[in-house]
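Shown next: run_10.cif, given as mmCIF, C-alpha atoms and all ligand atoms.
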data_data
#
loop_
_atom_site.label_atom_id
_atom_site.label_comp_id
_atom_site.auth_asym_id
_atom_site.auth_seq_id
_atom_site.Cartn_x
_atom_site.Cartn_y
_atom_site.Cartn_z
CA MET M 1 25.09 -9.20 -121.14
CA THR M 2 23.89 -6.93 -118.40
CA VAL M 3 20.20 -6.12 -118.24
CA THR M 4 19.56 -2.73 -116.72
CA GLU M 5 16.16 -1.37 -115.96
CA ARG M 6 15.88 2.29 -115.13
CA ALA M 7 13.68 3.06 -112.20
CA GLY M 8 10.39 4.11 -113.73
CA ALA M 9 7.47 3.53 -111.44
CA GLY M 10 10.02 1.99 -109.08
CA PRO M 11 9.60 1.40 -105.37
CA SER M 12 10.27 5.02 -104.48
CA ALA M 13 9.57 4.56 -100.77
CA MET M 14 12.84 2.69 -100.34
CA GLN M 15 15.95 4.29 -98.87
CA SER M 16 19.27 3.54 -100.57
CA VAL M 17 21.84 1.36 -98.80
CA ASP M 18 24.38 4.19 -98.80
CA SER M 19 22.01 6.78 -97.40
CA TYR M 20 20.89 4.38 -94.67
CA LEU M 21 24.46 3.51 -93.70
CA SER M 22 25.37 7.21 -93.52
CA GLU M 23 22.38 7.85 -91.28
CA VAL M 24 23.38 5.01 -88.94
CA LEU M 25 27.03 6.02 -88.72
CA ALA M 26 26.19 9.70 -88.19
CA ALA M 27 24.24 8.75 -85.07
CA ILE M 28 27.10 6.84 -83.42
CA ARG M 29 28.97 8.90 -80.81
CA PRO M 30 32.52 7.84 -79.90
CA LEU M 31 32.74 6.33 -76.42
CA PRO M 32 34.58 8.42 -73.82
CA PRO M 33 38.16 7.28 -73.20
CA ARG M 34 38.91 5.74 -69.84
CA GLU M 35 41.78 4.17 -67.94
CA LEU M 36 41.99 0.52 -68.98
CA GLY M 37 44.22 -2.10 -67.41
CA LEU M 38 46.16 -4.06 -70.02
CA ASP M 39 43.92 -7.09 -69.56
CA GLU M 40 40.90 -5.06 -70.67
CA ALA M 41 42.70 -3.10 -73.36
CA ASP M 42 42.71 -5.76 -76.07
CA GLY M 43 40.88 -4.19 -79.03
CA ALA M 44 40.72 -0.76 -77.39
CA VAL M 45 41.87 2.37 -79.21
CA LEU M 46 44.45 4.65 -77.61
CA ALA M 47 43.14 8.09 -76.78
CA ALA M 48 46.57 9.59 -76.10
CA ASP M 49 50.12 9.06 -77.32
CA VAL M 50 52.20 6.64 -75.25
CA THR M 51 55.89 7.47 -74.86
CA ALA M 52 58.65 5.48 -73.22
CA ALA M 53 58.96 6.43 -69.55
CA TRP M 54 61.97 4.14 -69.16
CA PRO M 55 64.59 2.96 -71.64
CA LEU M 56 63.70 -0.23 -73.49
CA PRO M 57 65.51 -2.48 -72.69
CA PRO M 58 65.86 -0.88 -69.26
CA PHE M 59 69.52 -1.93 -68.69
CA ASP M 60 72.53 -3.27 -70.63
CA ASN M 61 72.14 -7.04 -70.78
CA SER M 62 73.37 -10.16 -72.49
CA ALA M 63 71.80 -11.23 -75.80
CA MET M 64 73.06 -14.79 -75.42
CA ASP M 65 74.06 -17.47 -72.98
CA GLY M 66 77.82 -17.25 -72.69
CA TYR M 67 80.63 -15.44 -70.88
CA ALA M 68 80.95 -11.75 -70.08
CA VAL M 69 84.52 -10.68 -70.82
CA LEU M 70 86.71 -7.77 -71.79
CA ALA M 71 87.02 -8.00 -75.58
CA ALA M 72 90.72 -7.10 -75.34
CA ASP M 73 91.34 -10.19 -73.17
CA VAL M 74 90.17 -12.57 -75.91
CA ALA M 75 91.49 -10.68 -78.98
CA ALA M 76 94.07 -13.40 -79.69
CA ALA M 77 91.73 -16.38 -79.29
CA THR M 78 91.77 -19.03 -82.06
CA ALA M 79 90.50 -22.57 -82.31
CA GLU M 80 94.10 -23.82 -82.23
CA ARG M 81 95.15 -21.56 -79.37
CA PRO M 82 92.10 -20.80 -77.21
CA VAL M 83 92.34 -18.13 -74.53
CA MET M 84 91.87 -19.63 -71.08
CA LEU M 85 90.10 -17.43 -68.48
CA PRO M 86 89.10 -18.20 -64.91
CA VAL M 87 85.30 -18.11 -64.49
CA ARG M 88 84.67 -16.07 -61.36
CA GLY M 89 80.91 -16.56 -61.05
CA GLU M 90 77.58 -16.78 -62.79
CA VAL M 91 74.93 -14.11 -63.59
CA PRO M 92 71.47 -15.56 -64.29
CA ALA M 93 68.54 -13.51 -65.64
CA GLY M 94 66.78 -11.76 -62.79
CA ASP M 95 69.94 -11.42 -60.67
CA THR M 96 69.73 -7.82 -59.50
CA ARG M 97 73.21 -7.69 -57.95
CA ARG M 98 75.71 -5.52 -59.82
CA HIS M 99 78.55 -7.93 -60.65
CA GLU M 100 82.02 -6.62 -61.28
CA LEU M 101 84.24 -8.19 -63.95
CA ALA M 102 87.96 -8.13 -63.12
CA PRO M 103 90.29 -7.87 -66.17
CA GLY M 104 91.65 -11.25 -67.21
CA THR M 105 88.58 -13.14 -65.94
CA ALA M 106 85.17 -14.18 -67.22
CA LEU M 107 81.70 -14.39 -65.69
CA LYS M 108 79.20 -16.92 -66.93
CA ILE M 109 76.10 -15.01 -68.09
CA MET M 110 72.61 -15.93 -69.28
CA THR M 111 70.39 -14.26 -71.88
CA GLY M 112 68.70 -11.21 -70.38
CA ALA M 113 71.04 -10.99 -67.40
CA LEU M 114 72.39 -7.62 -66.27
CA LEU M 115 75.81 -7.00 -67.86
CA PRO M 116 78.54 -6.94 -65.19
CA ARG M 117 80.39 -3.66 -64.73
CA GLY M 118 83.71 -3.79 -66.58
CA ALA M 119 82.56 -6.27 -69.24
CA ASP M 120 82.32 -5.04 -72.83
CA ALA M 121 81.50 -8.24 -74.76
CA VAL M 122 79.69 -11.54 -74.35
CA ILE M 123 81.25 -14.68 -75.86
CA PRO M 124 78.52 -17.12 -76.89
CA VAL M 125 78.77 -20.48 -75.12
CA GLU M 126 79.09 -22.11 -78.58
CA TRP M 127 82.54 -20.48 -79.01
CA THR M 128 83.83 -22.05 -75.81
CA ASP M 129 84.27 -25.37 -74.07
CA GLY M 130 81.47 -24.39 -71.63
CA GLY M 131 83.80 -24.21 -68.61
CA PRO M 132 81.97 -23.95 -65.25
CA ALA M 133 81.84 -21.14 -62.71
CA GLY M 134 84.74 -21.67 -60.30
CA GLY M 135 86.76 -23.34 -63.07
CA ARG M 136 88.20 -22.13 -66.37
CA VAL M 137 86.75 -21.52 -69.81
CA ALA M 138 88.55 -22.04 -73.13
CA ILE M 139 87.50 -19.36 -75.64
CA ALA M 140 88.15 -20.21 -79.30
CA ARG M 141 87.14 -16.96 -81.04
CA PRO M 142 87.62 -13.23 -80.38
CA ALA M 143 84.71 -10.75 -80.32
CA GLU M 144 84.36 -7.04 -81.02
CA PRO M 145 83.51 -4.83 -78.04
CA GLY M 146 79.72 -4.76 -77.73
CA HIS M 147 79.29 -8.26 -79.09
CA ALA M 148 76.03 -9.95 -77.92
CA ILE M 149 75.19 -7.00 -75.69
CA ARG M 150 71.73 -5.41 -75.79
CA ARG M 151 72.14 -1.79 -74.81
CA ALA M 152 69.71 0.06 -72.54
CA GLY M 153 67.37 2.11 -74.76
CA GLY M 154 68.46 0.22 -77.88
CA ASP M 155 64.81 -0.49 -78.75
CA ALA M 156 63.32 2.79 -77.48
CA ALA M 157 64.87 5.66 -75.54
CA VAL M 158 63.11 7.61 -72.78
CA GLY M 159 60.62 9.97 -74.40
CA ASP M 160 60.41 8.07 -77.69
CA LEU M 161 56.89 7.72 -79.09
CA LEU M 162 55.85 4.08 -78.69
CA LEU M 163 52.24 4.23 -79.90
CA SER M 164 50.26 7.19 -81.13
CA ALA M 165 46.71 8.20 -80.23
CA GLY M 166 44.21 6.39 -82.42
CA THR M 167 46.18 3.14 -82.49
CA LEU M 168 44.08 -0.01 -82.25
CA LEU M 169 45.60 -2.17 -79.53
CA GLY M 170 46.26 -5.68 -80.79
CA PRO M 171 48.64 -8.39 -79.57
CA VAL M 172 51.87 -6.62 -80.46
CA GLN M 173 50.78 -3.24 -79.10
CA LEU M 174 49.77 -4.86 -75.80
CA GLY M 175 53.12 -6.62 -75.71
CA LEU M 176 54.95 -3.37 -76.26
CA LEU M 177 52.95 -1.54 -73.56
CA ALA M 178 53.74 -4.32 -71.10
CA ALA M 179 57.42 -4.41 -72.10
CA ALA M 180 57.60 -0.66 -71.56
CA GLY M 181 56.16 -1.03 -68.06
CA HIS M 182 52.68 0.45 -68.66
CA GLY M 183 50.08 -1.39 -66.60
CA ALA M 184 47.21 0.74 -67.89
CA VAL M 185 46.42 3.09 -70.77
CA THR M 186 43.85 5.75 -71.60
CA ALA M 187 41.78 4.29 -74.37
CA ARG M 188 38.32 3.91 -75.86
CA PRO M 189 37.19 0.38 -74.97
CA ARG M 190 35.67 -2.02 -77.45
CA PRO M 191 31.99 -1.07 -77.74
CA ARG M 192 29.47 -3.40 -76.12
CA VAL M 193 26.67 -4.80 -78.23
CA THR M 194 23.78 -6.93 -76.99
CA LEU M 195 22.06 -9.24 -79.47
CA ILE M 196 18.37 -9.84 -78.89
CA SER M 197 16.47 -12.46 -80.87
CA THR M 198 12.69 -12.19 -80.96
CA GLY M 199 10.14 -14.76 -82.05
CA ASN M 200 7.63 -17.17 -80.50
CA GLU M 201 8.94 -19.91 -82.75
CA LEU M 202 12.50 -19.76 -81.44
CA ALA M 203 14.03 -22.46 -79.25
CA GLU M 204 17.51 -22.90 -77.80
CA PRO M 205 19.68 -25.24 -79.86
CA GLY M 206 20.40 -28.47 -78.03
CA HIS M 207 16.79 -28.75 -76.87
CA PRO M 208 13.96 -30.57 -78.66
CA VAL M 209 11.57 -28.55 -80.83
CA ALA M 210 7.91 -29.15 -81.66
CA PRO M 211 6.64 -28.72 -85.21
CA GLY M 212 6.25 -24.98 -85.68
CA GLN M 213 9.38 -24.18 -83.70
CA ILE M 214 12.93 -23.64 -85.02
CA TRP M 215 16.27 -23.40 -83.33
CA GLU M 216 17.46 -19.88 -82.71
CA SER M 217 20.56 -19.10 -84.76
CA ASN M 218 20.83 -15.35 -85.21
CA SER M 219 22.14 -14.40 -81.80
CA ARG M 220 25.09 -16.76 -81.89
CA MET M 221 25.94 -15.89 -85.48
CA LEU M 222 25.75 -12.17 -84.85
CA ALA M 223 27.58 -12.34 -81.53
CA ALA M 224 30.48 -14.01 -83.33
CA ALA M 225 30.31 -11.51 -86.19
CA ALA M 226 30.24 -8.71 -83.64
CA ARG M 227 33.39 -9.97 -81.94
CA GLN M 228 35.13 -10.18 -85.31
CA ALA M 229 34.09 -6.59 -85.92
CA GLY M 230 35.64 -5.43 -82.64
CA PHE M 231 32.61 -5.40 -80.34
CA GLN M 232 32.25 -7.06 -76.97
CA ALA M 233 29.14 -9.11 -77.59
CA ARG M 234 26.45 -10.45 -75.27
CA ARG M 235 23.35 -12.46 -76.11
CA HIS M 236 20.06 -11.77 -74.43
CA PRO M 237 17.79 -14.77 -73.77
CA ILE M 238 15.20 -15.34 -76.53
CA VAL M 239 12.35 -12.82 -76.35
CA PRO M 240 8.82 -13.93 -77.27
CA ASP M 241 6.54 -11.92 -79.56
CA ASP M 242 4.95 -9.73 -76.94
CA LYS M 243 5.25 -5.94 -76.94
CA ALA M 244 5.67 -5.51 -73.21
CA THR M 245 8.24 -8.30 -72.99
CA VAL M 246 10.20 -6.83 -75.90
CA LEU M 247 10.25 -3.40 -74.24
CA ALA M 248 11.29 -4.90 -70.90
CA ALA M 249 14.11 -6.85 -72.58
CA LEU M 250 15.38 -3.73 -74.33
CA GLU M 251 15.22 -1.74 -71.11
CA GLU M 252 17.19 -4.43 -69.30
CA ALA M 253 19.80 -4.72 -72.07
CA LEU M 254 20.33 -0.96 -72.35
CA ALA M 255 22.36 -0.62 -69.16
CA GLY M 256 25.10 -2.99 -70.28
CA ALA M 257 25.32 -2.03 -73.94
CA ASP M 258 26.48 0.75 -76.20
CA LEU M 259 24.46 -0.66 -79.10
CA LEU M 260 21.43 -2.92 -79.20
CA VAL M 261 20.79 -5.21 -82.15
CA THR M 262 17.49 -7.06 -82.40
CA THR M 263 16.45 -9.57 -85.03
CA GLY M 264 12.93 -10.42 -86.12
CA GLY M 265 9.63 -8.68 -85.82
CA VAL M 266 10.16 -5.77 -88.20
CA SER M 267 8.61 -6.87 -91.47
CA MET M 268 5.23 -5.91 -92.82
CA GLY M 269 3.16 -8.45 -90.90
CA GLY M 270 1.33 -5.97 -88.69
CA GLU M 271 0.64 -6.88 -85.08
CA HIS M 272 2.87 -9.98 -85.21
CA ASP M 273 5.86 -7.75 -85.90
CA VAL M 274 6.14 -6.84 -82.28
CA VAL M 275 9.55 -5.16 -82.31
CA LYS M 276 8.22 -2.67 -84.78
CA ALA M 277 4.92 -2.33 -82.96
CA ALA M 278 6.62 -1.86 -79.57
CA LEU M 279 9.19 0.68 -80.75
CA ALA M 280 7.01 2.61 -83.17
CA ASP M 281 5.08 4.01 -80.21
CA LEU M 282 8.23 5.48 -78.66
CA GLY M 283 8.90 7.68 -81.67
CA THR M 284 12.70 7.46 -81.42
CA VAL M 285 13.16 4.49 -83.76
CA SER M 286 12.09 4.70 -87.37
CA PHE M 287 11.32 1.80 -89.67
CA ARG M 288 11.95 1.82 -93.37
CA LYS M 289 12.53 -0.28 -96.42
CA VAL M 290 16.12 -0.24 -97.57
CA ALA M 291 16.66 -0.92 -101.27
CA MET M 292 18.59 -4.13 -100.77
CA GLN M 293 18.18 -7.88 -101.04
CA PRO M 294 18.30 -9.63 -98.63
CA GLY M 295 17.41 -7.38 -95.71
CA MET M 296 14.83 -4.87 -96.90
CA PRO M 297 12.96 -4.12 -93.64
CA GLN M 298 15.23 -2.18 -91.28
CA GLY M 299 14.77 -0.06 -88.21
CA PHE M 300 17.18 2.34 -86.57
CA GLY M 301 17.01 4.92 -83.83
CA VAL M 302 17.93 5.61 -80.23
CA LEU M 303 16.59 4.39 -76.90
CA GLY M 304 16.72 5.39 -73.26
CA SER M 305 17.81 8.55 -71.48
CA GLU M 306 21.31 8.30 -72.96
CA GLY M 307 19.97 7.89 -76.48
CA LYS M 308 21.74 4.61 -77.16
CA PRO M 309 21.55 3.43 -80.76
CA ILE M 310 19.49 0.41 -81.73
CA LEU M 311 19.43 -1.50 -85.00
CA THR M 312 16.42 -3.72 -85.56
CA LEU M 313 17.35 -6.27 -88.20
CA PRO M 314 15.02 -8.60 -90.08
CA GLY M 315 14.75 -12.12 -88.67
CA ASN M 316 15.69 -14.27 -91.61
CA PRO M 317 19.22 -15.41 -90.79
CA VAL M 318 20.85 -14.39 -94.06
CA SER M 319 19.10 -11.01 -94.01
CA ALA M 320 20.21 -10.50 -90.42
CA TYR M 321 23.80 -11.46 -91.20
CA VAL M 322 24.14 -9.31 -94.31
CA SER M 323 22.49 -6.37 -92.53
CA PHE M 324 24.85 -6.76 -89.59
CA GLN M 325 27.92 -6.78 -91.83
CA LEU M 326 26.74 -3.76 -93.78
CA PHE M 327 25.46 -1.54 -90.97
CA ALA M 328 26.63 -2.74 -87.54
CA ARG M 329 30.19 -3.75 -88.42
CA PRO M 330 31.31 -0.28 -89.55
CA ALA M 331 29.69 1.23 -86.45
CA ALA M 332 32.14 -0.61 -84.19
CA SER M 333 35.11 1.51 -85.23
CA VAL M 334 33.07 4.73 -85.13
CA PHE M 335 32.42 4.05 -81.42
CA GLN M 336 36.19 4.18 -81.05
CA ASP M 337 36.54 7.36 -83.10
CA ARG M 338 38.10 5.56 -86.03
CA ASN M 339 37.06 5.46 -89.66
CA PRO M 340 34.27 2.96 -90.35
CA GLN M 341 35.77 -0.46 -91.05
CA ARG M 342 33.79 -2.05 -93.84
CA LEU M 343 34.12 -5.48 -95.32
CA ALA M 344 37.08 -5.76 -97.70
CA SER M 345 35.99 -5.29 -101.29
CA GLY M 346 37.34 -6.35 -104.65
CA ARG M 347 36.48 -7.14 -108.25
CA ALA M 348 35.96 -10.58 -109.76
CA THR M 349 34.57 -12.18 -112.91
CA LEU M 350 31.23 -13.94 -112.57
CA SER M 351 31.53 -17.59 -113.43
CA GLY M 352 27.76 -18.09 -113.58
CA PRO M 353 24.76 -15.88 -114.27
CA ALA M 354 23.15 -13.78 -111.55
CA ARG M 355 19.72 -12.20 -111.10
CA SER M 356 18.52 -9.40 -108.88
CA PRO M 357 15.21 -7.65 -108.23
CA ARG M 358 14.99 -4.34 -109.98
CA GLY M 359 15.58 -1.26 -107.87
CA ARG M 360 17.41 -3.08 -105.08
CA ARG M 361 21.09 -3.71 -104.50
CA SER M 362 21.57 -7.45 -104.23
CA PHE M 363 24.17 -9.11 -102.07
CA LEU M 364 24.34 -12.60 -103.51
CA ARG M 365 26.24 -15.34 -101.77
CA GLY M 366 29.28 -16.36 -103.83
CA MET M 367 32.39 -18.51 -103.78
CA LEU M 368 35.30 -16.21 -104.50
CA ASP M 369 38.47 -17.68 -105.95
CA ALA M 370 40.85 -14.81 -105.33
CA ASP M 371 43.72 -16.45 -107.26
CA ALA M 372 41.61 -17.05 -110.36
CA GLY M 373 39.78 -13.74 -109.94
CA THR M 374 36.40 -15.43 -110.28
CA VAL M 375 33.28 -15.59 -108.18
CA THR M 376 30.49 -18.18 -108.50
CA PRO M 377 27.01 -17.57 -107.11
CA VAL M 378 26.13 -20.46 -104.80
CA SER M 379 22.84 -22.26 -105.26
CA GLY M 380 20.16 -21.31 -102.74
CA GLN M 381 19.87 -17.54 -102.49
CA ALA M 382 16.73 -17.31 -100.35
CA SER M 383 17.00 -15.37 -97.09
CA HIS M 384 16.46 -18.34 -94.82
CA GLN M 385 19.15 -20.49 -96.48
CA LEU M 386 21.93 -20.42 -93.95
CA ALA M 387 23.57 -23.57 -95.32
CA SER M 388 24.24 -21.78 -98.59
CA LEU M 389 25.66 -18.80 -96.70
CA ALA M 390 28.02 -21.21 -94.97
CA ARG M 391 29.28 -22.32 -98.40
CA ALA M 392 29.97 -18.73 -99.46
CA ASN M 393 33.00 -16.60 -98.70
CA ALA M 394 31.90 -13.43 -100.45
CA LEU M 395 28.91 -11.30 -101.34
CA ILE M 396 28.43 -10.42 -105.00
CA ILE M 397 27.03 -6.92 -105.42
CA VAL M 398 24.44 -6.41 -108.12
CA PRO M 399 23.72 -2.69 -108.49
CA GLU M 400 20.18 -1.35 -108.09
CA PRO M 401 19.25 -0.86 -111.76
CA VAL M 402 20.65 -4.23 -112.88
CA THR M 403 18.36 -7.25 -113.01
CA GLU M 404 20.51 -9.79 -114.83
CA LEU M 405 24.23 -10.36 -115.11
CA ALA M 406 25.72 -12.81 -117.60
CA GLU M 407 28.60 -15.13 -116.85
CA GLY M 408 31.87 -13.30 -117.56
CA THR M 409 30.72 -9.94 -116.18
CA GLU M 410 33.09 -8.08 -113.84
CA VAL M 411 31.41 -7.50 -110.49
CA ASP M 412 32.15 -5.92 -107.13
CA VAL M 413 32.44 -8.37 -104.28
CA LEU M 414 32.61 -8.02 -100.51
CA VAL M 415 34.83 -10.54 -98.79
CA LEU M 416 33.18 -12.22 -95.82
CA PRO M 417 35.38 -12.27 -92.73
P1 LIG V 501 10.57 -12.17 -88.78
O1 LIG V 501 11.51 -11.14 -89.25
O2 LIG V 501 10.34 -12.15 -87.32
O3 LIG V 501 9.29 -12.10 -89.56
O4 LIG V 501 11.22 -13.58 -89.11
C1 LIG V 501 11.49 -13.93 -90.44
C2 LIG V 501 11.96 -15.36 -90.50
O5 LIG V 501 13.18 -15.49 -89.81
C3 LIG V 501 11.04 -16.36 -89.89
O6 LIG V 501 11.05 -17.54 -90.66
C4 LIG V 501 11.63 -16.60 -88.53
O7 LIG V 501 11.30 -17.87 -87.99
C5 LIG V 501 13.09 -16.51 -88.82
N1 LIG V 501 13.84 -16.07 -87.65
C6 LIG V 501 13.58 -14.97 -86.92
N2 LIG V 501 14.45 -14.84 -85.90
C7 LIG V 501 15.28 -15.91 -85.99
C8 LIG V 501 16.39 -16.34 -85.20
N3 LIG V 501 16.82 -15.64 -84.14
N4 LIG V 501 17.02 -17.48 -85.56
C9 LIG V 501 16.59 -18.18 -86.64
N5 LIG V 501 15.58 -17.80 -87.42
C10 LIG V 501 14.91 -16.69 -87.09
MG MG V 502 9.21 -13.00 -85.95
#

Any chance you could put this one into structure tokens?
Amino acid sequence: MTVTERAGAGPSAMQSVDSYLSEVLAAIRPLPPRELGLDEADGAVLAADVTAAWPLPPFDNSAMDGYAVLAADVAAATAERPVMLPVRGEVPAGDTRRHELAPGTALKIMTGALLPRGADAVIPVEWTDGGPAGGRVAIARPAEPGHAIRRAGGDAAVGDLLLSAGTLLGPVQLGLLAAAGHGAVTARPRPRVTLISTGNELAEPGHPVAPGQIWESNSRMLAAAARQAGFQARRHPIVPDDKATVLAALEEALAGADLLVTTGGVSMGGEHDVVKAALADLGTVSFRKVAMQPGMPQGFGVLGSEGKPILTLPGNPVSAYVSFQLFARPAASVFQDRNPQRLASGRATLSGPARSPRGRRSFLRGMLDADAGTVTPVSGQASHQLASLARANALIIVPEPVTELAEGTEVDVLVLP
């Protein structure tokens, strides 16, 4: 059974989740591309196509440890009647001399070594008696011309497209750029976010707290979530509930960030909600109620001469986390001129009942069993209950008009990364 209540005298002052997300994403400007060395390019997005300036591999070389030969010289080789060849030398990988293979001889060769002129096949060492340089090798099997040879350009020829503009650079793409000899690329770097936690009650974990104080958790949680989302993340030291100090912290953080994310100080508590109080005066950040649970009080706008975006998230850890995943995560890819990357979504069958406040979209913590196709709401759905969030691997979406969902209902879920 699904209980649906139509919005009658509903909380009309609330903005929908979708409209708020669109507003946030529309305000994000892609970062300008710049020249990035490969060490800084992890997670960057290519701004221009990259083509092969050299053949890949750059020269004919051996695919195996063995003997460079002329295939015709070993055509008659069998296990019973091996072909014996004098081994005239050895070519290790990295040897830049151009060796010459005389017909009727062999050269010992290692994987990746430059193929000697005159050779047209490599006999793997396993097909031989392993005869040494300066001695003779017994070869027990013939090979086709070209055997165990990696040809120049066999992976990519000069001018071939290696990676196209818009490609997100991950491990393999960085490997390919390096292999192709590119020390730098033109790319949009990972956007920089600074996380700022506000609250007089907050203390650094690892230090003692007095009654009335709690350990600060949002900045570490969100910094890690930000990195997963593709940001470079920094944490600002804890900021107390003081308007001037909040403004000074934001000012200081602006220079090194493309996005600021604060937590705390934006609910309805008046003068104690200092983030709201400090920013409301500036007129560039607006505060609203978003029709969601958790995470209703939200603020978004721009700061500083460059108009850098700021998201002010509520302080309760679960509210802050869900808000970050919904609104900040998709912004990361927009900074790199890519489509917003949202949490993966799916459908599952509720294996327990669920409730939601009317008029708000609920994101309930759930245990998703993807194989069984079921999701179970975890116990403890209040916004401060981080332990229950840690037991969840998904968010169950309860649409705005729905207040109750019975076990067995099909629901939308977001998979937590
Ligand atoms: P606020 O949004 O400032 O009213 O805070 C709401 C609740 O979240 C309060 O119980 C705060 O103590 C708690 N809270 C705020 N910021 C943090 C933080 N960085 N880490 C842990 N809890 C926090
Ligand atoms: Mg507070």

Where does chain M meet ligand LIG 501 (chain V) within 9 Å, residue by residue, with the nearest atom pair and distance in Å to one decimal for each, counting all atoms listed in the file, listed by chain and rising number, as CSV?
residue,atom,partner,partner_atom,distance
M:Ile196,CA,V:LIG501,N3,8.0
M:Ser197,CA,V:LIG501,N3,4.6
M:Thr198,CA,V:LIG501,N2,5.9
M:Gly199,CA,V:LIG501,N2,5.8
M:Asn200,CA,V:LIG501,O7,8.4
M:Glu201,CA,V:LIG501,O7,6.1
M:Leu202,CA,V:LIG501,C8,6.4
M:Ala203,CA,V:LIG501,N4,8.6
M:Gln213,CA,V:LIG501,O7,7.9
M:Ile214,CA,V:LIG501,O7,6.7
M:Trp215,CA,V:LIG501,C9,6.2
M:Glu216,CA,V:LIG501,N4,3.8
M:Ser217,CA,V:LIG501,N4,4.0
M:Asn218,CA,V:LIG501,N3,4.2
M:Ser219,CA,V:LIG501,N3,5.9
M:Arg220,CA,V:LIG501,N3,8.6
M:Ile238,CA,V:LIG501,N3,7.8
M:Asp241,CA,V:LIG501,O2,8.6
M:Thr262,CA,V:LIG501,N3,8.8
M:Thr263,CA,V:LIG501,N2,5.7
M:Gly264,CA,V:LIG501,O2,3.3
M:Gly265,CA,V:LIG501,O2,3.8
M:Val266,CA,V:LIG501,O1,5.6
M:Ser267,CA,V:LIG501,O3,5.6
M:Met268,CA,V:LIG501,O3,8.1
M:Gly269,CA,V:LIG501,O3,7.3
M:His272,CA,V:LIG501,O3,8.0
M:Asp273,CA,V:LIG501,O2,6.4
M:Val274,CA,V:LIG501,O2,8.4
M:Val275,CA,V:LIG501,O2,8.6
M:Pro297,CA,V:LIG501,O1,8.4
M:Leu313,CA,V:LIG501,O1,7.7
M:Pro314,CA,V:LIG501,O1,4.4
M:Gly315,CA,V:LIG501,O1,3.4
M:Asn316,CA,V:LIG501,O5,3.3
M:Pro317,CA,V:LIG501,N5,5.5
M:Val318,CA,V:LIG501,O5,8.8
M:Ser319,CA,V:LIG501,O5,8.5
M:Ala320,CA,V:LIG501,N2,8.5
M:Ser383,CA,V:LIG501,O5,8.2
M:His384,CA,V:LIG501,O5,6.6

Subject >> Proximity to Pro145 in chain M - best of M:Val74, M:Met84, M:Val375, M:Leu386, all atoms listed in the file >> reply: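 Of M:Val74, M:Met84, M:Val375, M:Leu386, the one nearest Pro145 in chain M, counting all atoms listed in the file, is M:Val74.
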
Original post:
Quick one: residues within 9 Å of range 50-58 of chain M, only C-alpha atoms counted, chain neighbours fewer than 6 positions away excluded, as a PyMOL selection string?
Top reply: chain M and resi 150-165+177+179-182+185

Please save C-alpha atoms of the selected residues as a JSON list (two decimals), in the coordinates of the input.
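The file below, selection12.json, is the result:
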[["chain", "number", "residue", "atom", "x", "y", "z"],
["M", 150, "ARG", "CA", 71.73, -5.41, -75.79],
["M", 151, "ARG", "CA", 72.14, -1.79, -74.81],
["M", 152, "ALA", "CA", 69.71, 0.06, -72.54],
["M", 153, "GLY", "CA", 67.37, 2.11, -74.76],
["M", 154, "GLY", "CA", 68.46, 0.22, -77.88],
["M", 155, "ASP", "CA", 64.81, -0.49, -78.75],
["M", 156, "ALA", "CA", 63.32, 2.79, -77.48],
["M", 157, "ALA", "CA", 64.87, 5.66, -75.54],
["M", 158, "VAL", "CA", 63.11, 7.61, -72.78],
["M", 159, "GLY", "CA", 60.62, 9.97, -74.40],
["M", 160, "ASP", "CA", 60.41, 8.07, -77.69],
["M", 161, "LEU", "CA", 56.89, 7.72, -79.09],
["M", 162, "LEU", "CA", 55.85, 4.08, -78.69],
["M", 163, "LEU", "CA", 52.24, 4.23, -79.90],
["M", 164, "SER", "CA", 50.26, 7.19, -81.13],
["M", 165, "ALA", "CA", 46.71, 8.20, -80.23],
["M", 177, "LEU", "CA", 52.95, -1.54, -73.56],
["M", 179, "ALA", "CA", 57.42, -4.41, -72.10],
["M", 180, "ALA", "CA", 57.60, -0.66, -71.56],
["M", 181, "GLY", "CA", 56.16, -1.03, -68.06],
["M", 182, "HIS", "CA", 52.68, 0.45, -68.66],
["M", 185, "VAL", "CA", 46.42, 3.09, -70.77]]

Subject >> For Leu168 in chain M, the nearest of the candidates M:Ala328, M:Ala133, M:Ala187, M:Val246, counting all atoms listed in the file >> reply: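 Closest candidate: M:Ala187.
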
**OP:** Work out how far apart CA of Gly304 in chain M and CA of Ala278 in chain M are and give it in Å to one decimal.
**Re:**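 Here the two named atoms are 13.9 Å from each other.
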
Centre and size of axis-aligned box enclosing range 76-95 of chain M plus 5 Å each side, as JSON:
{"center_x": 81.0, "center_y": -17.6, "center_z": -71.5, "size_x": 38.4, "size_y": 22.4, "size_z": 31.6}

**OP:** With a distance cut-off of 8 Å and all atoms listed in the file, select the neighbouring residues of Ala71 in chain M, excluding the residue or stretch itself and same-chain residues fewer than 3 positions from it, and output the selection as a list in words.
**Re:**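 Counting only the stated atoms, we get Val74, Ala75, Ala119, Asp120, Ala121, Pro142, Ala143, Glu144 and Pro145 of chain M.
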
Subject >> Selected residue, from M:Gly270, M:Gly146, M:Gly380, M:Gly408, that lies nearest to ligand MG 502 (chain V) when counting only C-alpha atoms and all ligand atoms >> reply: M:Gly270

Subject >> Gap from CA of Thr2 in chain M to CA of Leu414 in chain M - Å, one decimal >> reply: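 Answer for the CA of Thr2 in chain M to CA of Leu414 in chain M separation: 19.9 Å.
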